[in-house]
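> Sending over a structure as structure tokens; questions will come in a sec.
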Amino acid sequence: MIKKVLGILAIASLLVSCGTQQKKEKECTEKEKTAITVDNLLAEITNYIDKDIVVVGTVNHVCEHGGKRMFIMGEDPDIAIKITPNDEIGIFEKELEGSSVIITGIVKELRIDEAYVANLEKELSEGADNEAIHDHSGEEDEEDHAETEVDSSKIKQIEHMKTQIAESENGYYSQFWVEASKFEVKERDHDHEDVEGDDHHDHAEGEEHSH
């Protein structure tokens, strides 16, 4: 009798686990349907400033120093948008690189003009960090780069900023990124034979990371 009861409980537990997994897959699929691609977002980025969005893409870089920035791309690997975590998410893990993700957040804009660049140069001379200097190249995040090489990279970026300002009609140009409030790793196409095995991963596939 006891064995029969235990068997029923085991089956019930398995059904609950499978049901939970199917629910996560359904929610992930529904969000993906309503999400905008990186390519479409960047093509109409000014329409989304300060608005809540859901964007889907592939992680092609996570900054090594602190995990405070990651970049996701669409069809073109050379075109990506920066994602920053809100205070509740905290950091992004390096292991996310190569994963397809669904990001929920707000589009932010930073307008860079001559006054901003002058202040940026002052901050960098004092050793301060600045969000504008972290572009898609990621060169300043490589741990094996010498300090002089990092400084050289930042100087080049500042010169590039000055060129973009000079070429703009408004006297400034904008940087855009998404401040994430939650993110999910999309399911890959494979069988979920070992449900318990997913618990060994900090960011299980299809898991929603929200706070």
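Here, A, B, ... name the chains of the structure tokens in the order displayed, residue numbers run from 1 inside each chain, and ligands are numbered from 1 in the same displayed order.
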Can you check which residues of segment 51-153 of chain A DSSP gives as strand (DSSP E) on the backbone and send them as a count of residues only?

35

> Any idea what's packed within 10 Å of Gly98 of chain A, counting only C-alpha atoms, ignoring anything in its chain fewer than 4 positions away? Could you give it as a PDB file with N, CA and C atoms, in the first residue's frame?


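File produced: result14.pdb:
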```
ATOM      1  N   GLY A  57      16.940  39.243 -28.613  1.00  0.00           N
ATOM      2  CA  GLY A  57      18.191  39.230 -29.354  1.00  0.00           C
ATOM      3  C   GLY A  57      19.153  38.200 -28.779  1.00  0.00           C
ATOM      4  N   THR A  58      20.364  38.163 -29.342  1.00  0.00           N
ATOM      5  CA  THR A  58      21.395  37.231 -28.909  1.00  0.00           C
ATOM      6  C   THR A  58      22.518  37.988 -28.212  1.00  0.00           C
ATOM      7  N   VAL A  59      22.926  37.515 -27.052  1.00  0.00           N
ATOM      8  CA  VAL A  59      23.994  38.174 -26.294  1.00  0.00           C
ATOM      9  C   VAL A  59      25.337  37.913 -26.987  1.00  0.00           C
ATOM     10  N   ASN A  60      25.991  38.993 -27.439  1.00  0.00           N
ATOM     11  CA  ASN A  60      27.301  38.808 -28.069  1.00  0.00           C
ATOM     12  C   ASN A  60      28.449  39.345 -27.234  1.00  0.00           C
ATOM     13  N   HIS A  61      28.123  40.013 -26.111  1.00  0.00           N
ATOM     14  CA  HIS A  61      29.202  40.476 -25.236  1.00  0.00           C
ATOM     15  C   HIS A  61      28.646  40.849 -23.865  1.00  0.00           C
ATOM     16  N   VAL A  62      29.340  40.405 -22.829  1.00  0.00           N
ATOM     17  CA  VAL A  62      29.045  40.842 -21.456  1.00  0.00           C
ATOM     18  C   VAL A  62      30.335  41.424 -20.902  1.00  0.00           C
ATOM     19  N   ILE A  72      23.277  42.969 -26.964  1.00  0.00           N
ATOM     20  CA  ILE A  72      22.544  41.949 -27.706  1.00  0.00           C
ATOM     21  C   ILE A  72      22.403  42.385 -29.157  1.00  0.00           C
ATOM     22  N   LYS A  94      28.806  36.396 -17.370  1.00  0.00           N
ATOM     23  CA  LYS A  94      29.559  36.192 -18.606  1.00  0.00           C
ATOM     24  C   LYS A  94      29.039  34.979 -19.381  1.00  0.00           C
TER      25      LYS A  94
END
```

> Do a neighbour search on segment 83-89 of chain A at 12 Å with only C-alpha atoms, toss out local chain neighbours closer than 6 positions, and write the hits as a PyMOL selection string.

chain A and resi 38+54-63+66-73+101-108+131+134-136+176-184+208-211

> For Glu109 of chain A, which residue out of A:Met161, A:Ile49, A:Ala35, A:Ala128 is the nearest one, using only C-alpha atoms?

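Counting only C-alpha atoms, the residue closest to Glu109 of chain A is A:Ile49.
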
> Name the closest residue to Ile45 of chain A among the candidates A:Asn130, A:Ile81, A:Glu75, A:Gln164; distances are taken between atoms, counting only C-alpha atoms.

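Among the listed residues, the smallest separation from Ile45 of chain A belongs to A:Ile81.
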